[in-house]
$ cat entry-v7.csv   # CSV, N, CA and C atoms
chain,number,residue,atom,x,y,z
A,64,MET,N,1.4,-6.8,-10.7
A,64,MET,CA,2.3,-5.8,-11.4
A,64,MET,C,3.7,-6.4,-11.2
A,65,THR,N,4.4,-6.5,-12.3
A,65,THR,CA,5.8,-6.9,-12.2
A,65,THR,C,6.7,-5.7,-12.4
A,66,VAL,N,7.5,-5.5,-11.4
A,66,VAL,CA,8.4,-4.3,-11.4
A,66,VAL,C,9.8,-4.7,-11.7
A,67,PRO,N,10.6,-3.8,-12.3
A,67,PRO,CA,12.0,-4.1,-12.6
A,67,PRO,C,12.9,-3.8,-11.5
A,68,ALA,N,12.8,-4.7,-10.5
A,68,ALA,CA,13.7,-4.6,-9.3
A,68,ALA,C,13.7,-6.0,-8.6
A,69,THR,N,14.7,-6.2,-7.8
A,69,THR,CA,14.8,-7.4,-7.0
A,69,THR,C,13.8,-7.4,-5.9
A,70,VAL,N,13.6,-8.6,-5.3
A,70,VAL,CA,12.7,-8.7,-4.2
A,70,VAL,C,13.2,-7.8,-3.0
A,71,ASP,N,14.5,-7.9,-2.8
A,71,ASP,CA,15.1,-7.1,-1.7
A,71,ASP,C,14.8,-5.6,-1.9
A,72,GLN,N,14.9,-5.1,-3.1
A,72,GLN,CA,14.7,-3.7,-3.4
A,72,GLN,C,13.2,-3.3,-3.2
A,73,VAL,N,12.3,-4.2,-3.7
A,73,VAL,CA,10.9,-3.9,-3.5
A,73,VAL,C,10.5,-4.0,-2.1
A,74,TRP,N,11.0,-5.0,-1.4
A,74,TRP,CA,10.7,-5.2,0.1
A,74,TRP,C,11.1,-3.9,0.8
A,75,ASP,N,12.3,-3.4,0.5
A,75,ASP,CA,12.7,-2.1,1.2
A,75,ASP,C,11.8,-1.0,0.8
A,76,ALA,N,11.3,-1.0,-0.4
A,76,ALA,CA,10.4,0.1,-0.8
A,76,ALA,C,9.1,0.1,-0.1
A,77,PHE,N,8.7,-1.1,0.5
A,77,PHE,CA,7.5,-1.2,1.3
A,77,PHE,C,7.7,-1.1,2.8
A,78,THR,N,8.9,-1.4,3.2
A,78,THR,CA,9.1,-1.6,4.7
A,78,THR,C,10.0,-0.6,5.3
A,79,THR,N,10.5,0.4,4.6
A,79,THR,CA,11.3,1.4,5.2
A,79,THR,C,10.7,2.8,4.9
A,80,VAL,N,11.0,3.8,5.7
A,80,VAL,CA,10.5,5.1,5.5
A,80,VAL,C,11.1,5.7,4.2
A,81,PRO,N,12.4,5.6,4.0
A,81,PRO,CA,12.9,6.2,2.7
A,81,PRO,C,12.4,5.4,1.5
A,82,GLY,N,12.2,4.1,1.7
A,82,GLY,CA,11.6,3.3,0.6
A,82,GLY,C,10.2,3.8,0.2
A,83,VAL,N,9.4,3.9,1.2
A,83,VAL,CA,8.0,4.3,0.9
A,83,VAL,C,7.9,5.8,0.3
A,84,ILE,N,8.8,6.6,0.9
A,84,ILE,CA,8.8,8.0,0.4
A,84,ILE,C,9.3,8.1,-1.1
A,85,SER,N,10.1,7.1,-1.5
A,85,SER,CA,10.6,7.1,-2.8
A,85,SER,C,9.6,6.9,-3.9
A,86,TRP,N,8.4,6.4,-3.5
A,86,TRP,CA,7.4,6.1,-4.5
A,86,TRP,C,5.9,6.4,-4.2
A,87,LEU,N,5.6,6.5,-2.9
A,87,LEU,CA,4.2,6.6,-2.5
A,87,LEU,C,3.7,7.9,-2.0
A,88,ALA,N,4.4,8.5,-1.1
A,88,ALA,CA,4.0,9.7,-0.4
A,88,ALA,C,5.2,10.5,0.2
A,89,PRO,N,5.1,11.8,0.3
A,89,PRO,CA,6.2,12.5,0.9
A,89,PRO,C,6.5,12.3,2.4
A,90,GLN,N,5.5,11.8,3.1
A,90,GLN,CA,5.7,11.5,4.5
A,90,GLN,C,5.2,10.1,4.8
A,91,ALA,N,6.0,9.5,5.7
A,91,ALA,CA,5.6,8.1,6.1
A,91,ALA,C,6.0,7.7,7.5
A,92,ALA,N,5.2,6.9,8.1
A,92,ALA,CA,5.6,6.2,9.4
A,92,ALA,C,5.5,4.7,9.2
A,93,ILE,N,6.6,4.1,9.2
A,93,ILE,CA,6.6,2.6,8.8
A,93,ILE,C,7.3,1.9,9.9
A,94,ASP,N,6.6,0.9,10.5
A,94,ASP,CA,7.1,0.0,11.5
A,94,ASP,C,6.7,-1.4,11.1
A,95,PRO,N,7.5,-2.1,10.3
A,95,PRO,CA,7.1,-3.4,9.6
A,95,PRO,C,7.1,-4.6,10.5
A,96,ARG,N,6.2,-4.5,11.6
A,96,ARG,CA,6.0,-5.7,12.4
A,96,ARG,C,4.6,-5.7,12.9
A,97,PRO,N,4.0,-6.8,13.3
A,97,PRO,CA,2.6,-6.8,13.7
A,97,PRO,C,2.3,-5.8,14.7
A,98,GLY,N,1.3,-5.0,14.5
A,98,GLY,CA,0.9,-3.9,15.4
A,98,GLY,C,1.6,-2.6,15.0
A,99,GLY,N,2.5,-2.6,14.1
A,99,GLY,CA,3.2,-1.4,13.8
A,99,GLY,C,2.5,-0.6,12.7
A,100,LYS,N,2.9,0.7,12.6
A,100,LYS,CA,2.2,1.6,11.7
A,100,LYS,C,2.8,1.3,10.3
A,101,TRP,N,1.9,1.4,9.3
A,101,TRP,CA,2.2,1.5,7.9
A,101,TRP,C,1.4,2.6,7.3
A,102,GLU,N,1.8,3.9,7.6
A,102,GLU,CA,1.0,5.0,7.2
A,102,GLU,C,1.8,6.0,6.4
A,103,VAL,N,1.0,6.7,5.5
A,103,VAL,CA,1.6,7.7,4.7
A,103,VAL,C,0.7,9.0,4.8
A,104,SER,N,1.3,10.1,4.4
A,104,SER,CA,0.6,11.4,4.4
A,104,SER,C,1.1,12.2,3.2
A,105,PHE,N,0.2,13.0,2.6
A,105,PHE,CA,0.6,13.8,1.5
A,105,PHE,C,0.9,15.2,1.9
A,106,GLY,N,1.0,15.5,3.2
A,106,GLY,CA,1.4,16.8,3.6
A,106,GLY,C,0.5,17.4,4.7
A,107,PRO,N,0.8,18.6,5.1
A,107,PRO,CA,0.0,19.2,6.2
A,107,PRO,C,-1.4,19.3,5.8
A,108,GLY,N,-2.3,19.0,6.7
A,108,GLY,CA,-3.7,19.1,6.5
A,108,GLY,C,-4.3,17.8,5.9
A,109,SER,N,-3.5,16.9,5.4
A,109,SER,CA,-4.1,15.7,4.8
A,109,SER,C,-4.1,14.6,5.8
A,110,SER,N,-5.1,13.8,5.7
A,110,SER,CA,-5.2,12.7,6.7
A,110,SER,C,-4.3,11.6,6.3
A,111,THR,N,-4.0,10.7,7.2
A,111,THR,CA,-3.1,9.6,6.9
A,111,THR,C,-3.9,8.5,6.1
A,112,ALA,N,-3.1,7.8,5.4
A,112,ALA,CA,-3.6,6.6,4.6
A,112,ALA,C,-2.7,5.4,5.0
A,113,GLY,N,-3.2,4.3,4.8
A,113,GLY,CA,-2.4,3.1,5.2
A,113,GLY,C,-3.1,2.3,6.2
A,114,GLY,N,-2.4,2.0,7.3
A,114,GLY,CA,-3.1,1.2,8.3
A,114,GLY,C,-2.1,0.6,9.3
A,115,THR,N,-2.5,-0.5,9.9
A,115,THR,CA,-1.7,-1.2,10.9
A,115,THR,C,-1.2,-2.5,10.3
A,116,VAL,N,0.1,-2.8,10.5
A,116,VAL,CA,0.6,-4.1,10.1
A,116,VAL,C,0.0,-5.3,10.9
A,117,VAL,N,-0.5,-6.3,10.1
A,117,VAL,CA,-1.1,-7.4,10.8
A,117,VAL,C,-0.1,-8.6,10.7
A,118,LEU,N,0.5,-8.8,9.6
A,118,LEU,CA,1.3,-10.0,9.3
A,118,LEU,C,2.5,-9.6,8.4
A,119,VAL,N,3.7,-10.2,8.8
A,119,VAL,CA,4.9,-10.0,8.0
A,119,VAL,C,5.6,-11.3,7.8
A,120,GLN,N,5.8,-11.6,6.5
A,120,GLN,CA,6.6,-12.8,6.1
A,120,GLN,C,7.7,-12.1,5.3
A,121,PRO,N,8.9,-11.9,5.9
A,121,PRO,CA,9.9,-11.1,5.2
A,121,PRO,C,10.2,-11.5,3.8
A,122,LYS,N,10.1,-10.5,3.0
A,122,LYS,CA,10.4,-10.5,1.5
A,122,LYS,C,9.4,-11.4,0.8
A,123,SER,N,8.3,-11.7,1.4
A,123,SER,CA,7.2,-12.5,0.6
A,123,SER,C,5.8,-12.0,0.9
A,124,LEU,N,5.5,-11.4,2.1
A,124,LEU,CA,4.1,-11.0,2.3
A,124,LEU,C,4.1,-9.9,3.4
A,125,LEU,N,3.2,-8.9,3.1
A,125,LEU,CA,3.0,-7.9,4.1
A,125,LEU,C,1.5,-7.6,4.1
A,126,ALA,N,0.8,-7.8,5.3
A,126,ALA,CA,-0.6,-7.7,5.4
A,126,ALA,C,-0.9,-6.5,6.3
A,127,ILE,N,-1.8,-5.7,5.9
A,127,ILE,CA,-2.2,-4.4,6.6
A,127,ILE,C,-3.7,-4.4,6.9
A,128,SER,N,-4.1,-4.0,8.1
A,128,SER,CA,-5.4,-3.6,8.4
A,128,SER,C,-5.6,-2.2,7.9
A,129,ALA,N,-6.2,-2.0,6.7
A,129,ALA,CA,-6.2,-0.8,5.9
A,129,ALA,C,-7.3,0.2,6.3
A,130,MET,N,-6.9,1.5,6.4
A,130,MET,CA,-7.9,2.5,6.6
A,130,MET,C,-8.3,3.1,5.2
A,131,ALA,N,-9.6,3.2,5.0
A,131,ALA,CA,-10.1,3.9,3.9
A,131,ALA,C,-10.0,5.4,4.0
A,132,PRO,N,-10.1,6.2,3.0
A,132,PRO,CA,-10.1,7.6,3.1
A,132,PRO,C,-11.2,8.1,4.0
A,133,ASP,N,-11.0,9.3,4.6
A,133,ASP,CA,-11.9,10.0,5.5
A,133,ASP,C,-13.3,10.1,4.9
A,134,ARG,N,-13.5,10.2,3.6
A,134,ARG,CA,-14.8,10.3,3.0
A,134,ARG,C,-15.7,9.1,3.1
A,135,PHE,N,-15.0,8.0,3.6
A,135,PHE,CA,-15.8,6.7,3.9
A,135,PHE,C,-15.6,6.4,5.3
A,136,PRO,N,-16.3,7.1,6.2
A,136,PRO,CA,-16.0,7.0,7.7
A,136,PRO,C,-16.3,5.6,8.2
A,137,THR,N,-17.3,4.9,7.8
A,137,THR,CA,-17.6,3.6,8.3
A,137,THR,C,-16.5,2.6,7.9
A,138,VAL,N,-16.2,2.6,6.6
A,138,VAL,CA,-15.2,1.7,6.1
A,138,VAL,C,-13.8,2.0,6.7
A,139,ARG,N,-13.5,3.3,6.9
A,139,ARG,CA,-12.2,3.7,7.6
A,139,ARG,C,-12.2,3.1,9.0
A,140,ARG,N,-13.3,3.2,9.7
A,140,ARG,CA,-13.3,2.7,11.1
A,140,ARG,C,-13.3,1.2,11.2
A,141,GLU,N,-14.0,0.5,10.3
A,141,GLU,CA,-14.1,-0.9,10.4
A,141,GLU,C,-13.0,-1.6,9.6
A,142,ARG,N,-12.4,-1.0,8.7
A,142,ARG,CA,-11.2,-1.4,7.9
A,142,ARG,C,-11.4,-2.6,7.0
A,143,THR,N,-10.5,-2.8,6.1
A,143,THR,CA,-10.4,-3.9,5.3
A,143,THR,C,-8.9,-4.5,5.5
A,144,ASP,N,-8.6,-5.6,4.8
A,144,ASP,CA,-7.3,-6.1,4.9
A,144,ASP,C,-6.6,-6.0,3.5
A,145,ALA,N,-5.5,-5.4,3.5
A,145,ALA,CA,-4.7,-5.3,2.2
A,145,ALA,C,-3.5,-6.3,2.4
A,146,VAL,N,-3.4,-7.2,1.5
A,146,VAL,CA,-2.3,-8.2,1.5
A,146,VAL,C,-1.5,-8.0,0.3
A,147,PHE,N,-0.2,-7.7,0.5
A,147,PHE,CA,0.8,-7.6,-0.6
A,147,PHE,C,1.7,-8.8,-0.6
A,148,GLU,N,1.8,-9.5,-1.8
A,148,GLU,CA,2.7,-10.6,-1.9
A,148,GLU,C,3.8,-10.2,-2.9
A,149,PHE,N,5.0,-10.7,-2.6
A,149,PHE,CA,6.2,-10.4,-3.4
A,149,PHE,C,6.8,-11.7,-3.9
A,150,GLU,N,7.0,-11.8,-5.2
A,150,GLU,CA,7.5,-13.1,-5.7
A,150,GLU,C,8.6,-12.7,-6.8
A,151,PRO,N,9.8,-13.3,-6.7
A,151,PRO,CA,10.8,-13.1,-7.7
A,151,PRO,C,10.2,-13.5,-9.1
A,152,ALA,N,10.5,-12.7,-10.1
A,152,ALA,CA,10.0,-13.0,-11.5
A,152,ALA,C,11.2,-12.9,-12.4
A,153,GLY,N,12.4,-13.1,-11.9
A,153,GLY,CA,13.6,-13.1,-12.7
A,153,GLY,C,14.7,-12.4,-11.9
A,154,PRO,N,15.9,-12.3,-12.5
A,154,PRO,CA,17.0,-11.8,-11.7
A,154,PRO,C,16.9,-10.4,-11.2
A,155,ASN,N,16.1,-9.6,-12.0
A,155,ASN,CA,15.9,-8.2,-11.6
A,155,ASN,C,14.4,-7.8,-11.8
A,156,ALA,N,13.5,-8.7,-11.4
A,156,ALA,CA,12.1,-8.4,-11.5
A,156,ALA,C,11.3,-9.1,-10.4
A,157,THR,N,10.3,-8.4,-9.9
A,157,THR,CA,9.5,-8.9,-8.8
A,157,THR,C,8.0,-8.7,-9.1
A,158,THR,N,7.2,-9.7,-9.0
A,158,THR,CA,5.8,-9.6,-9.1
A,158,THR,C,5.2,-9.2,-7.8
A,159,VAL,N,4.4,-8.1,-7.7
A,159,VAL,CA,3.7,-7.7,-6.5
A,159,VAL,C,2.2,-7.9,-6.8
A,160,ARG,N,1.6,-8.7,-5.9
A,160,ARG,CA,0.2,-8.9,-5.9
A,160,ARG,C,-0.5,-8.2,-4.7
A,161,LEU,N,-1.6,-7.6,-5.0
A,161,LEU,CA,-2.4,-6.9,-3.9
A,161,LEU,C,-3.8,-7.5,-3.9
A,162,ALA,N,-4.2,-8.0,-2.8
A,162,ALA,CA,-5.6,-8.4,-2.6
A,162,ALA,C,-6.1,-7.6,-1.4
A,163,GLN,N,-7.3,-7.0,-1.6
A,163,GLN,CA,-7.9,-6.3,-0.5
A,163,GLN,C,-9.2,-7.0,-0.2
A,164,THR,N,-9.4,-7.5,1.1
A,164,THR,CA,-10.5,-8.3,1.4
A,164,THR,C,-11.2,-7.6,2.7
A,165,GLY,N,-12.3,-8.3,3.0
A,165,GLY,CA,-13.1,-7.8,4.2
A,165,GLY,C,-14.2,-6.8,3.9
A,166,TRP,N,-14.6,-6.8,2.6
A,166,TRP,CA,-15.6,-5.8,2.2
A,166,TRP,C,-17.0,-6.3,2.7
A,167,LYS,N,-17.8,-5.3,3.0
A,167,LYS,CA,-19.1,-5.5,3.5
A,167,LYS,C,-20.1,-4.9,2.5
A,168,GLN,N,-21.4,-5.1,2.7
A,168,GLN,CA,-22.4,-4.6,1.8
A,168,GLN,C,-22.9,-3.2,2.3
A,169,GLY,N,-23.4,-2.4,1.3
A,169,GLY,CA,-23.9,-1.1,1.6
A,169,GLY,C,-23.4,-0.1,0.6
A,170,ALA,N,-24.0,1.0,0.5
A,170,ALA,CA,-23.6,2.1,-0.4
A,170,ALA,C,-22.2,2.6,-0.2
A,171,GLU,N,-21.9,2.9,1.1
A,171,GLU,CA,-20.6,3.4,1.4
A,171,GLU,C,-19.5,2.4,1.1
A,172,TRP,N,-19.8,1.1,1.4
A,172,TRP,CA,-18.8,0.1,1.1
A,172,TRP,C,-18.6,-0.1,-0.4
A,173,ASP,N,-19.7,0.0,-1.2
A,173,ASP,CA,-19.6,-0.1,-2.6
A,173,ASP,C,-18.8,1.1,-3.2
A,174,GLN,N,-19.0,2.3,-2.7
A,174,GLN,CA,-18.3,3.5,-3.1
A,174,GLN,C,-16.8,3.4,-2.8
A,175,ALA,N,-16.5,2.9,-1.6
A,175,ALA,CA,-15.1,2.8,-1.2
A,175,ALA,C,-14.4,1.7,-2.0
A,176,TYR,N,-15.1,0.6,-2.3
A,176,TYR,CA,-14.6,-0.4,-3.2
A,176,TYR,C,-14.2,0.2,-4.5
A,177,ASP,N,-15.1,0.9,-5.2
A,177,ASP,CA,-14.8,1.5,-6.5
A,177,ASP,C,-13.6,2.5,-6.4
A,178,TYR,N,-13.6,3.3,-5.4
A,178,TYR,CA,-12.6,4.3,-5.2
A,178,TYR,C,-11.2,3.6,-5.0
A,179,LEU,N,-11.2,2.6,-4.1
A,179,LEU,CA,-9.9,1.9,-3.8
A,179,LEU,C,-9.5,1.0,-4.9
A,180,SER,N,-10.4,0.4,-5.6
A,180,SER,CA,-9.9,-0.4,-6.8
A,180,SER,C,-9.1,0.4,-7.8
A,181,ARG,N,-9.5,1.6,-8.0
A,181,ARG,CA,-8.8,2.5,-8.9
A,181,ARG,C,-7.5,3.0,-8.2
A,182,GLY,N,-7.6,3.3,-6.9
A,182,GLY,CA,-6.5,3.8,-6.1
A,182,GLY,C,-5.4,2.7,-6.0
A,183,ASN,N,-5.8,1.5,-5.8
A,183,ASN,CA,-4.8,0.4,-5.7
A,183,ASN,C,-4.1,0.2,-7.0
A,184,ALA,N,-4.8,0.3,-8.1
A,184,ALA,CA,-4.1,0.2,-9.4
A,184,ALA,C,-3.1,1.4,-9.6
A,185,GLU,N,-3.4,2.6,-9.1
A,185,GLU,CA,-2.5,3.7,-9.2
A,185,GLU,C,-1.3,3.5,-8.3
A,186,LEU,N,-1.6,2.9,-7.1
A,186,LEU,CA,-0.5,2.6,-6.2
A,186,LEU,C,0.5,1.6,-6.8
A,187,LEU,N,0.1,0.6,-7.5
A,187,LEU,CA,1.0,-0.4,-8.1
A,187,LEU,C,1.7,0.3,-9.3
A,188,GLU,N,1.0,1.2,-10.0
A,188,GLU,CA,1.6,1.9,-11.1
A,188,GLU,C,2.7,2.8,-10.6
A,189,ALA,N,2.5,3.4,-9.4
A,189,ALA,CA,3.5,4.3,-8.8
A,189,ALA,C,4.8,3.5,-8.4
A,190,LEU,N,4.5,2.3,-7.9
A,190,LEU,CA,5.6,1.4,-7.5
A,190,LEU,C,6.4,1.1,-8.8
A,191,TYR,N,5.8,0.7,-9.9
A,191,TYR,CA,6.4,0.4,-11.1
A,191,TYR,C,7.3,1.6,-11.6
A,192,HIS,N,6.7,2.8,-11.6
A,192,HIS,CA,7.4,4.0,-12.0
A,192,HIS,C,8.6,4.2,-11.2
A,193,ARG,N,8.5,4.0,-9.9
A,193,ARG,CA,9.7,4.1,-9.0
A,193,ARG,C,10.9,3.4,-9.5
A,194,PHE,N,10.7,2.2,-10.0
A,194,PHE,CA,11.8,1.4,-10.4
A,194,PHE,C,12.1,1.5,-11.9
A,195,ALA,N,11.1,1.8,-12.7
A,195,ALA,CA,11.4,1.9,-14.1
A,195,ALA,C,12.0,3.3,-14.5
A,196,VAL,N,11.5,4.3,-13.8
A,196,VAL,CA,11.9,5.7,-14.1
A,196,VAL,C,12.8,6.3,-13.0
A,197,GLY,N,12.5,6.1,-11.7
A,197,GLY,CA,13.3,6.7,-10.6
A,197,GLY,C,12.3,7.1,-9.5
A,198,PRO,N,13.0,7.5,-8.4
A,198,PRO,CA,12.2,7.9,-7.2
A,198,PRO,C,11.4,9.2,-7.5
A,199,MET,N,10.3,9.3,-6.7
A,199,MET,CA,9.6,10.6,-6.8
A,199,MET,C,10.4,11.7,-6.2
A,200,ALA,N,10.2,12.9,-6.8
A,200,ALA,CA,10.8,14.1,-6.2
A,200,ALA,C,9.7,15.0,-5.7
A,201,TRP,N,9.3,14.7,-4.4
A,201,TRP,CA,8.2,15.4,-3.8
A,201,TRP,C,8.6,16.9,-3.6
A,202,LYS,N,7.6,17.8,-3.8
A,202,LYS,CA,7.8,19.2,-3.5
A,202,LYS,C,7.2,19.6,-2.2

$ encode --input "entry-v7.csv" --output "structure tokens"
Amino acid sequence: MTVPATVDQVWDAFTTVPGVISWLAPQAAIDPRPGGKWEVSFGPGSSTAGGTVVLVQPKSLLAISAMAPDRFPTVRRERTDAVFEFEPAGPNATTVRLAQTGWKQGAEWDQAYDYLSRGNAELLEALYHRFAVGPMAWK
């Protein structure tokens, strides 16, 4: 996904609490260093999404040990790796690539893969919307 923003702006949108809240979820706990939290929540009673930061290459790569939703307990416990890459695509454009790896075999893994492949596309669309239209106004 190429978003209409500089790498600095996109990096801040991924690595700061105000940045993440501006496009992904109304609540966030972000500590962009290995072992730190990269978690979001959609409000009281909802479980956290996201995971634990594994690797940071400032303004170029953010890797997270990602938790699947609660409905996939084995995948949530065992986790996958979500790797975001950030590359300048012009003076006010950044290409964001997301690769999620570490998938295993089995019905629950297949269901989680299908769910998260759609969810990851929606995540990137929300990031695009943040910069093309403006930040989210959470209620």

$ residues_around --input "entry-v7.csv" --residues "range 65-78 of chain A" --least-positions-apart "2" --cutoff "8 Å" --atoms "only N, CA and C atoms" --output "NGL selection string"
:A and (80-87 or 92-95 or 101 or 121-123 or 149-160 or 187 or 190-195)

$ closest_residue --input "entry-v7.csv" --among "A:Gln163, A:Ser110, A:Gln90, A:Gln174" --to "Ala129 in chain A" --atoms "only C-alpha atoms"
A:Gln163

$ atom_distance --input "entry-v7.csv" --atom1 "CA of Gly165 in chain A" --atom2 "CA of Thr79 in chain A"
26.1 Å

$ closest_residue --input "entry-v7.csv" --among "A:Val103, A:Lys202, A:Met130, A:Met64" --to "Thr115 in chain A" --atoms "all atoms listed in the file"
A:Met130

$ closest_residue --input "entry-v7.csv" --among "A:Ala91, A:Ala175, A:Ala189, A:Val196" --to "Phe135 in chain A" --atoms "all atoms listed in the file"
A:Ala175

$ atom_distance --input "entry-v7.csv" --atom1 "CA of Trp172 in chain A" --atom2 "CA of Gly98 in chain A"
24.7 Å

$ select_by_dssp --input "entry-v7.csv" --residues "chain A" --states "alpha helix (DSSP H)" --output "PyMOL selection string"
chain A and resi 70-78+80-84+136-141+170-195

$ atom_distance --input "entry-v7.csv" --atom1 "atom C of Gly197 in chain A" --atom2 "atom N of Leu118 in chain A"
27.5 Å

$ closest_residue --input "entry-v7.csv" --among "A:Leu124, A:Glu171, A:Ala162, A:Gly114" --to "Ala145 in chain A" --atoms "all atoms listed in the file"
A:Ala162

$ closest_residue --input "entry-v7.csv" --among "A:Arg142, A:Ser180, A:Glu185, A:Pro132" --to "Thr164 in chain A" --atoms "all atoms listed in the file"
A:Arg142

$ residues_around --input "entry-v7.csv" --residues "Val117 in chain A" --least-positions-apart "5" --cutoff "7 Å" --atoms "all atoms listed in the file" --output "PyMOL selection string"
chain A and resi 96-99+125-128

$ select_by_dssp --input "entry-v7.csv" --residues "chain A" --states "strand (DSSP E or B)" --output "number ranges by chain"
A: 65-66, 90-93, 100-104, 112-120, 124-130, 143-151, 157-164

$ closest_residue --input "entry-v7.csv" --among "A:Phe105, A:Val146, A:Asp133, A:Gly182" --to "Gln120 in chain A" --atoms "only C-alpha atoms"
A:Val146
